[in-house]
Amino acid sequence: MAKATRNDLLLAARFIVALYNVTKGRPGRFRRIDDCARRAGIAGERDTETALRTAERAGFVTVRVDGAEAMLTTEGLRAARKRD
């Protein structure tokens, strides 16, 4: 697996913050990936996939089996809260 670039990490950070905001920081809330990417200003399927996979590899999100929704993990909640 390739090492994440700075851009990959920035995309992932924007994604987890958007997911945090849309779930109001509540655990156990799945939300649509495409909606979170749009809210994060992430355009295009490729960048969305990069953001999602980078966040997932870092242990910040869990993705439903169908691949349409994501949820912040405990670590993802902590990471998103640190920006406050």
# chains A, B, ... in the order shown; residues from 1 in each chain; ligands from 1
$ select_by_dssp --residues "chain A" --states "helix (DSSP H, G or I)" --output "VMD selection string"
chain A and resid 6 to 22 33 to 39 45 to 57 74 to 81
$ residues_around --residues "region 26-28 of chain A" --least-positions-apart "4" --cutoff "9 Å" --atoms "only C-alpha atoms" --output "list of chain:residue names"
A:Tyr20, A:Met71, A:Leu72, A:Thr73, A:Thr74, A:Leu77
$ select_by_dssp --residues "chain A" --states "strand (DSSP E or B)" --output "PyMOL selection string"
chain A and resi 31-32+61-63+69-72
$ closest_residue --among "A:Ala58, A:Ala80, A:Ile42, A:Leu10" --to "Lys24 (chain A)" --atoms "only C-alpha atoms"
A:Ala80
$ residues_around --residues "Arg57 (chain A)" --least-positions-apart "4" --cutoff "10 Å" --atoms "only C-alpha atoms" --output "short mmCIF file (atom, residue, chain, number, x, y, z; two decimals) with C-alpha atoms, in the first residue's frame"
data_model
loop_
_atom_site.label_atom_id
_atom_site.label_comp_id
_atom_site.auth_asym_id
_atom_site.auth_seq_id
_atom_site.Cartn_x
_atom_site.Cartn_y
_atom_site.Cartn_z
CA MET A 1 0.00 0.00 0.00
CA ALA A 4 -0.41 8.77 1.86
CA LEU A 52 -12.31 7.99 2.00
CA ARG A 53 -9.59 5.35 1.68
CA VAL A 61 -14.07 6.02 9.33
CA THR A 62 -15.99 2.83 8.77
#
$ residues_around --residues "region 32-38 of chain A" --least-positions-apart "4" --cutoff "12 Å" --atoms "only C-alpha atoms" --output "MDAnalysis selection string"
chainID A and resid 11:23 42:53 61:64 66:72
$ atom_distance --atom1 "CA of Arg39 (chain A)" --atom2 "CA of Thr5 (chain A)"
21.9 Å
$ atom_distance --atom1 "CA of Val65 (chain A)" --atom2 "CA of Arg29 (chain A)"
14.9 Å
$ residues_around --residues "Glu75 (chain A)" --least-positions-apart "4" --cutoff "7 Å" --atoms "only C-alpha atoms" --output "PyMOL selection string"
chain A and resi 59-60+79
